[in-house]
Amino acid sequence: MTLPLPDDTPAPSALLALPSPWALAACVPLPEGATVPARQLISALAAVRCALGGHAPSAAARLAQAIVALPPAGPLAHVPEDTGTPLSRDEVIDYDRRFAVARHEGASAALLARSMVETVQRFMVLCTIAPSLDAPAVAQQREGFACHLGLLLRCFGLPPELPAPIDGPPLDLLPEEPSPTAWTLWQGFHWTFFLDVQGLVLSLLRFEAALSDASGPRLEEAELELDTASTLLAASGAAMVLASDFNPRLYEDEVRPAMMPPHVDSDRFSGLMAWDHARLVRQWQQLRPCFAALPGALQPAHERFVQAYGGMMAAHKGVCARFAGDGSSLRSRTDSAAVQTLDRMGQLRRQLIVGGGL
């Protein structure tokens, strides 16, 4: 049976609030002169920490409560004609719309916190309504969220210890949702992937800043951020495993048609249109000289980073092989096998991060 295609007009509450990937910065100050928003933000992050160590249904309810208490995401951002990547403005808008992403102005601490809380909350909901999800991938992604949380605390200049979340109204479990469709899993765990990638951009911005400090490289900080990037690379691979954790037949029946006209504008719609990922690739291009001239003390962390990339690519190729097999991808105009195409791209991108020492 062919399942119904997803609704093309999601309600605002179903949109993931994200900043433009080019608005991300290594350091993000907390709101000044407004203690209430700062307290709400810290409480929301504390709720994430509690949720990651808890049972998925109660964690989802706790995070839904935290989202309501957060300041608004702010005005929507205008996607510029020059996206800073090979993607066109229309491609960015098309991709974000299909995956229910709303870009907001700036990259304030409040927006970054909201992005994380909304993503982790959706993750917990999916883990609740799909209890047979790949357990190692779920654990890997939980680790990625915990790592991302620590990264945000460093970006905000906060200590790693967090107070208990602010008490809200009595906690009720969320209304029971139906078993997820393939599209629900595909879209929901793409949100997870987007957050992982934004975390990668943040951690590598901080890595670069630590190495280029005018007073001399801060090697311990650089190592911490590179190891953070490694954990987030592994998590991004797990996110794709979870996004594809359904019968391959449903990809052909439900998911693939939902990424073709009239549900999207582009007749070559694909994951290559993800703005955050394209920005990450551009960042790797810019960091290539840095990777090629790393101090010896950072070589072990760099090796872990390259290994994590290999694991992420293996996970992505596994997903591609499961669904596309020897067929072509949505974007390809040839009969080239999707896995072979992905492998070629993966090798080219690996060259950006390998540097001269590996």
# chains A, B, ... in the order shown; residues from 1 in each chain; ligands from 1
>>> closest_atom_pairs(of="region 30-76 of chain A", to="region 123-135 of chain A", cutoff="12 Å", atoms="only C-alpha atoms", output="Markdown table")
| residue | atom | partner | partner_atom | distance |
| --- | --- | --- | --- | --- |
| A:Val48 | CA | A:Met124 | CA | 10.6 |
| A:Ala51 | CA | A:Met124 | CA | 8.4 |
| A:Leu52 | CA | A:Met124 | CA | 8.8 |
| A:Gly53 | CA | A:Met124 | CA | 11.3 |
| A:Gly54 | CA | A:Met124 | CA | 9.8 |
| A:His55 | CA | A:Met124 | CA | 8.6 |
| A:Ala56 | CA | A:Met124 | CA | 5.0 |
| A:Pro57 | CA | A:Thr128 | CA | 5.7 |
| A:Ser58 | CA | A:Met124 | CA | 8.8 |
| A:Ala59 | CA | A:Met124 | CA | 6.6 |
| A:Ala60 | CA | A:Met124 | CA | 5.2 |
| A:Ala61 | CA | A:Val125 | CA | 8.6 |
| A:Arg62 | CA | A:Met124 | CA | 10.2 |
| A:Leu63 | CA | A:Met124 | CA | 8.9 |
| A:Ala64 | CA | A:Val125 | CA | 10.0 |
>>> select_by_dssp(residues="region 116-345 of chain A", states="helix (DSSP H, G or I)", output="count of residues only")
158
>>> closest_atom_pairs(of="region 187-230 of chain A", to="region 236-255 of chain A", cutoff="12 Å", atoms="only C-alpha atoms", output="Markdown table")
| residue | atom | partner | partner_atom | distance |
| --- | --- | --- | --- | --- |
| A:Gln187 | CA | A:Ala243 | CA | 7.2 |
| A:Gly188 | CA | A:Ala243 | CA | 7.2 |
| A:Phe189 | CA | A:Ala243 | CA | 4.9 |
| A:His190 | CA | A:Ala243 | CA | 6.5 |
| A:Trp191 | CA | A:Ala239 | CA | 8.8 |
| A:Thr192 | CA | A:Ala239 | CA | 6.1 |
| A:Phe193 | CA | A:Ser236 | CA | 5.3 |
| A:Phe194 | CA | A:Ser236 | CA | 8.3 |
| A:Leu195 | CA | A:Ser236 | CA | 8.7 |
| A:Asp196 | CA | A:Ser236 | CA | 5.6 |
| A:Val197 | CA | A:Ser236 | CA | 7.1 |
| A:Gln198 | CA | A:Ser236 | CA | 10.5 |
| A:Gly199 | CA | A:Ser236 | CA | 10.0 |
| A:Leu200 | CA | A:Ser236 | CA | 9.4 |
| A:Ala229 | CA | A:Ser236 | CA | 10.3 |
| A:Ser230 | CA | A:Ser236 | CA | 9.9 |
>>> residues_around(residues="Arg39 (chain A)", least_positions_apart="6", cutoff="12 Å", atoms="only C-alpha atoms", output="PyMOL selection string")
chain A and resi 30-33+45-46+66+69-71+109-110+113+158+162-166
>>> atom_distance(atom1="CA of Val101 (chain A)", atom2="CA of Leu15 (chain A)")
5.4 Å
>>> residues_around(residues="Val92 (chain A)", least_positions_apart="4", cutoff="8 Å", atoms="only C-alpha atoms", output="list in words")
Val79, Leu87, Ser88, Asp96, Met273, Ala274 and Trp275 of chain A
>>> closest_residue(among="A:Pro136, A:Ala209, A:Leu16, A:Ala222", to="Met116 (chain A)", atoms="only C-alpha atoms")
A:Leu16
>>> atom_distance(atom1="CA of Leu272 (chain A)", atom2="CA of Ala234 (chain A)")
19.0 Å
>>> select_by_dssp(residues="region 88-155 of chain A", states="strand (DSSP E or B)", output="PyMOL selection string")
chain A and resi 101-104
>>> atom_distance(atom1="CA of Glu177 (chain A)", atom2="CA of Gln121 (chain A)")
13.7 Å
>>> decode(residues="region 91-243 of chain A", atoms="C-alpha atoms", output="PDB file, in the first residue's frame")
ATOM      1  CA  GLU A  91      17.543  25.707  -3.632  1.00  0.00           C
ATOM      2  CA  VAL A  92      18.080  26.711  -0.001  1.00  0.00           C
ATOM      3  CA  ILE A  93      14.475  27.865   0.361  1.00  0.00           C
ATOM      4  CA  ASP A  94      13.125  24.745  -1.368  1.00  0.00           C
ATOM      5  CA  TYR A  95      15.122  22.395   0.845  1.00  0.00           C
ATOM      6  CA  ASP A  96      14.297  24.210   4.083  1.00  0.00           C
ATOM      7  CA  ARG A  97      10.598  24.258   3.235  1.00  0.00           C
ATOM      8  CA  ARG A  98      10.495  20.536   2.496  1.00  0.00           C
ATOM      9  CA  PHE A  99      12.150  19.731   5.823  1.00  0.00           C
ATOM     10  CA  ALA A 100      10.111  22.295   7.799  1.00  0.00           C
ATOM     11  CA  VAL A 101      13.045  24.536   8.749  1.00  0.00           C
ATOM     12  CA  ALA A 102      12.525  28.231   9.511  1.00  0.00           C
ATOM     13  CA  ARG A 103      15.632  30.445   9.366  1.00  0.00           C
ATOM     14  CA  HIS A 104      15.711  33.277  11.884  1.00  0.00           C
ATOM     15  CA  GLU A 105      17.835  36.406  12.010  1.00  0.00           C
ATOM     16  CA  GLY A 106      21.173  36.298  13.795  1.00  0.00           C
ATOM     17  CA  ALA A 107      22.532  33.453  15.898  1.00  0.00           C
ATOM     18  CA  SER A 108      21.792  34.638  19.416  1.00  0.00           C
ATOM     19  CA  ALA A 109      22.223  32.432  22.446  1.00  0.00           C
ATOM     20  CA  ALA A 110      18.436  32.250  22.731  1.00  0.00           C
ATOM     21  CA  LEU A 111      18.059  31.049  19.126  1.00  0.00           C
ATOM     22  CA  LEU A 112      20.838  28.465  19.459  1.00  0.00           C
ATOM     23  CA  ALA A 113      19.269  27.172  22.678  1.00  0.00           C
ATOM     24  CA  ARG A 114      15.835  26.993  21.045  1.00  0.00           C
ATOM     25  CA  SER A 115      17.249  25.083  18.065  1.00  0.00           C
ATOM     26  CA  MET A 116      18.730  22.517  20.397  1.00  0.00           C
ATOM     27  CA  VAL A 117      15.696  22.148  22.654  1.00  0.00           C
ATOM     28  CA  GLU A 118      13.315  21.789  19.698  1.00  0.00           C
ATOM     29  CA  THR A 119      15.548  19.199  18.030  1.00  0.00           C
ATOM     30  CA  VAL A 120      16.124  17.112  21.149  1.00  0.00           C
ATOM     31  CA  GLN A 121      12.423  17.279  22.000  1.00  0.00           C
ATOM     32  CA  ARG A 122      11.496  15.932  18.566  1.00  0.00           C
ATOM     33  CA  PHE A 123      14.169  13.256  18.902  1.00  0.00           C
ATOM     34  CA  MET A 124      12.643  12.121  22.203  1.00  0.00           C
ATOM     35  CA  VAL A 125       9.157  12.043  20.689  1.00  0.00           C
ATOM     36  CA  LEU A 126      10.387   9.856  17.825  1.00  0.00           C
ATOM     37  CA  CYS A 127      12.182   7.526  20.239  1.00  0.00           C
ATOM     38  CA  THR A 128       8.900   7.215  22.151  1.00  0.00           C
ATOM     39  CA  ILE A 129       6.637   6.452  19.193  1.00  0.00           C
ATOM     40  CA  ALA A 130       9.223   4.257  17.426  1.00  0.00           C
ATOM     41  CA  PRO A 131      10.695   2.201  20.299  1.00  0.00           C
ATOM     42  CA  SER A 132      12.414  -0.296  17.977  1.00  0.00           C
ATOM     43  CA  LEU A 133      14.820   2.279  16.513  1.00  0.00           C
ATOM     44  CA  ASP A 134      18.451   1.222  16.082  1.00  0.00           C
ATOM     45  CA  ALA A 135      19.692   1.251  19.698  1.00  0.00           C
ATOM     46  CA  PRO A 136      23.409   1.945  19.002  1.00  0.00           C
ATOM     47  CA  ALA A 137      22.462   4.869  16.758  1.00  0.00           C
ATOM     48  CA  VAL A 138      20.131   6.265  19.430  1.00  0.00           C
ATOM     49  CA  ALA A 139      22.936   6.040  21.999  1.00  0.00           C
ATOM     50  CA  GLN A 140      25.430   7.641  19.595  1.00  0.00           C
ATOM     51  CA  GLN A 141      23.081  10.531  18.939  1.00  0.00           C
ATOM     52  CA  ARG A 142      22.391  11.053  22.647  1.00  0.00           C
ATOM     53  CA  GLU A 143      26.157  11.326  23.108  1.00  0.00           C
ATOM     54  CA  GLY A 144      26.248  13.855  20.280  1.00  0.00           C
ATOM     55  CA  PHE A 145      23.545  15.949  21.952  1.00  0.00           C
ATOM     56  CA  ALA A 146      25.450  15.905  25.254  1.00  0.00           C
ATOM     57  CA  CYS A 147      28.600  17.002  23.435  1.00  0.00           C
ATOM     58  CA  HIS A 148      26.680  19.759  21.629  1.00  0.00           C
ATOM     59  CA  LEU A 149      25.299  20.974  24.944  1.00  0.00           C
ATOM     60  CA  GLY A 150      28.817  21.337  26.335  1.00  0.00           C
ATOM     61  CA  LEU A 151      29.794  23.189  23.167  1.00  0.00           C
ATOM     62  CA  LEU A 152      26.960  25.700  23.592  1.00  0.00           C
ATOM     63  CA  LEU A 153      27.924  26.311  27.215  1.00  0.00           C
ATOM     64  CA  ARG A 154      31.449  27.163  26.077  1.00  0.00           C
ATOM     65  CA  CYS A 155      30.121  29.410  23.306  1.00  0.00           C
ATOM     66  CA  PHE A 156      27.959  31.239  25.854  1.00  0.00           C
ATOM     67  CA  GLY A 157      30.795  31.559  28.376  1.00  0.00           C
ATOM     68  CA  LEU A 158      28.944  29.423  30.927  1.00  0.00           C
ATOM     69  CA  PRO A 159      30.471  26.844  33.293  1.00  0.00           C
ATOM     70  CA  PRO A 160      29.846  23.160  32.540  1.00  0.00           C
ATOM     71  CA  GLU A 161      27.703  22.787  35.668  1.00  0.00           C
ATOM     72  CA  LEU A 162      24.076  23.794  35.282  1.00  0.00           C
ATOM     73  CA  PRO A 163      21.455  24.508  37.943  1.00  0.00           C
ATOM     74  CA  ALA A 164      18.271  22.494  38.079  1.00  0.00           C
ATOM     75  CA  PRO A 165      15.656  23.582  35.529  1.00  0.00           C
ATOM     76  CA  ILE A 166      13.127  26.167  36.686  1.00  0.00           C
ATOM     77  CA  ASP A 167      10.041  24.423  38.025  1.00  0.00           C
ATOM     78  CA  GLY A 168       7.101  24.683  35.682  1.00  0.00           C
ATOM     79  CA  PRO A 169       3.508  23.507  35.953  1.00  0.00           C
ATOM     80  CA  PRO A 170       2.940  19.846  36.810  1.00  0.00           C
ATOM     81  CA  LEU A 171       4.489  17.670  34.135  1.00  0.00           C
ATOM     82  CA  ASP A 172       1.970  15.815  31.984  1.00  0.00           C
ATOM     83  CA  LEU A 173       3.056  13.361  29.338  1.00  0.00           C
ATOM     84  CA  LEU A 174       2.402  14.564  25.810  1.00  0.00           C
ATOM     85  CA  PRO A 175      -0.663  13.258  23.975  1.00  0.00           C
ATOM     86  CA  GLU A 176       0.099   9.917  22.407  1.00  0.00           C
ATOM     87  CA  GLU A 177       1.120  10.205  18.757  1.00  0.00           C
ATOM     88  CA  PRO A 178       0.418   7.524  16.146  1.00  0.00           C
ATOM     89  CA  SER A 179       3.168   5.223  14.960  1.00  0.00           C
ATOM     90  CA  PRO A 180       5.455   7.251  12.711  1.00  0.00           C
ATOM     91  CA  THR A 181       5.346   7.072   8.948  1.00  0.00           C
ATOM     92  CA  ALA A 182       8.576   6.744   7.018  1.00  0.00           C
ATOM     93  CA  TRP A 183       8.402  10.450   6.208  1.00  0.00           C
ATOM     94  CA  THR A 184       8.003  11.332   9.895  1.00  0.00           C
ATOM     95  CA  LEU A 185      11.256   9.522  10.678  1.00  0.00           C
ATOM     96  CA  TRP A 186      13.024  10.880   7.597  1.00  0.00           C
ATOM     97  CA  GLN A 187      12.149  14.502   8.332  1.00  0.00           C
ATOM     98  CA  GLY A 188      12.452  14.301  12.113  1.00  0.00           C
ATOM     99  CA  PHE A 189      15.923  12.804  12.154  1.00  0.00           C
ATOM    100  CA  HIS A 190      17.040  15.203   9.428  1.00  0.00           C
ATOM    101  CA  TRP A 191      16.385  17.877  12.050  1.00  0.00           C
ATOM    102  CA  THR A 192      18.838  15.988  14.241  1.00  0.00           C
ATOM    103  CA  PHE A 193      21.349  15.917  11.384  1.00  0.00           C
ATOM    104  CA  PHE A 194      20.992  19.669  10.822  1.00  0.00           C
ATOM    105  CA  LEU A 195      21.719  20.385  14.485  1.00  0.00           C
ATOM    106  CA  ASP A 196      24.736  18.056  14.401  1.00  0.00           C
ATOM    107  CA  VAL A 197      26.096  19.914  11.371  1.00  0.00           C
ATOM    108  CA  GLN A 198      25.566  23.336  12.932  1.00  0.00           C
ATOM    109  CA  GLY A 199      27.440  22.030  15.971  1.00  0.00           C
ATOM    110  CA  LEU A 200      30.262  20.927  13.683  1.00  0.00           C
ATOM    111  CA  VAL A 201      30.494  24.423  12.225  1.00  0.00           C
ATOM    112  CA  LEU A 202      30.543  25.952  15.718  1.00  0.00           C
ATOM    113  CA  SER A 203      33.193  23.584  17.051  1.00  0.00           C
ATOM    114  CA  LEU A 204      35.462  24.144  14.041  1.00  0.00           C
ATOM    115  CA  LEU A 205      35.047  27.921  14.341  1.00  0.00           C
ATOM    116  CA  ARG A 206      36.247  27.608  17.928  1.00  0.00           C
ATOM    117  CA  PHE A 207      39.033  25.235  16.863  1.00  0.00           C
ATOM    118  CA  GLU A 208      40.269  27.777  14.325  1.00  0.00           C
ATOM    119  CA  ALA A 209      40.023  30.627  16.850  1.00  0.00           C
ATOM    120  CA  ALA A 210      42.066  28.662  19.402  1.00  0.00           C
ATOM    121  CA  LEU A 211      44.816  27.988  16.857  1.00  0.00           C
ATOM    122  CA  SER A 212      44.979  31.539  15.527  1.00  0.00           C
ATOM    123  CA  ASP A 213      45.016  33.405  18.857  1.00  0.00           C
ATOM    124  CA  ALA A 214      47.329  36.411  18.567  1.00  0.00           C
ATOM    125  CA  SER A 215      49.032  35.500  21.842  1.00  0.00           C
ATOM    126  CA  GLY A 216      49.783  31.983  20.620  1.00  0.00           C
ATOM    127  CA  PRO A 217      47.819  28.809  19.894  1.00  0.00           C
ATOM    128  CA  ARG A 218      45.688  27.470  22.728  1.00  0.00           C
ATOM    129  CA  LEU A 219      46.355  23.803  22.047  1.00  0.00           C
ATOM    130  CA  GLU A 220      44.207  22.292  24.809  1.00  0.00           C
ATOM    131  CA  GLU A 221      41.186  24.273  23.648  1.00  0.00           C
ATOM    132  CA  ALA A 222      41.886  23.391  20.019  1.00  0.00           C
ATOM    133  CA  GLU A 223      42.061  19.696  20.925  1.00  0.00           C
ATOM    134  CA  LEU A 224      38.781  19.903  22.854  1.00  0.00           C
ATOM    135  CA  GLU A 225      36.988  21.507  19.917  1.00  0.00           C
ATOM    136  CA  LEU A 226      38.429  19.055  17.390  1.00  0.00           C
ATOM    137  CA  ASP A 227      37.336  16.141  19.585  1.00  0.00           C
ATOM    138  CA  THR A 228      33.907  17.770  19.850  1.00  0.00           C
ATOM    139  CA  ALA A 229      33.770  17.875  16.058  1.00  0.00           C
ATOM    140  CA  SER A 230      34.681  14.174  15.944  1.00  0.00           C
ATOM    141  CA  THR A 231      31.817  13.277  18.282  1.00  0.00           C
ATOM    142  CA  LEU A 232      29.386  15.356  16.232  1.00  0.00           C
ATOM    143  CA  LEU A 233      30.573  13.728  12.999  1.00  0.00           C
ATOM    144  CA  ALA A 234      29.794  10.325  14.502  1.00  0.00           C
ATOM    145  CA  ALA A 235      26.425  11.602  15.700  1.00  0.00           C
ATOM    146  CA  SER A 236      25.567  12.908  12.228  1.00  0.00           C
ATOM    147  CA  GLY A 237      26.153   9.424  10.848  1.00  0.00           C
ATOM    148  CA  ALA A 238      23.868   8.005  13.537  1.00  0.00           C
ATOM    149  CA  ALA A 239      21.207  10.579  12.646  1.00  0.00           C
ATOM    150  CA  MET A 240      21.140   9.314   9.062  1.00  0.00           C
ATOM    151  CA  VAL A 241      20.880   5.714  10.273  1.00  0.00           C
ATOM    152  CA  LEU A 242      17.863   6.699  12.374  1.00  0.00           C
ATOM    153  CA  ALA A 243      16.307   8.724   9.553  1.00  0.00           C
TER     154      ALA A 243
END
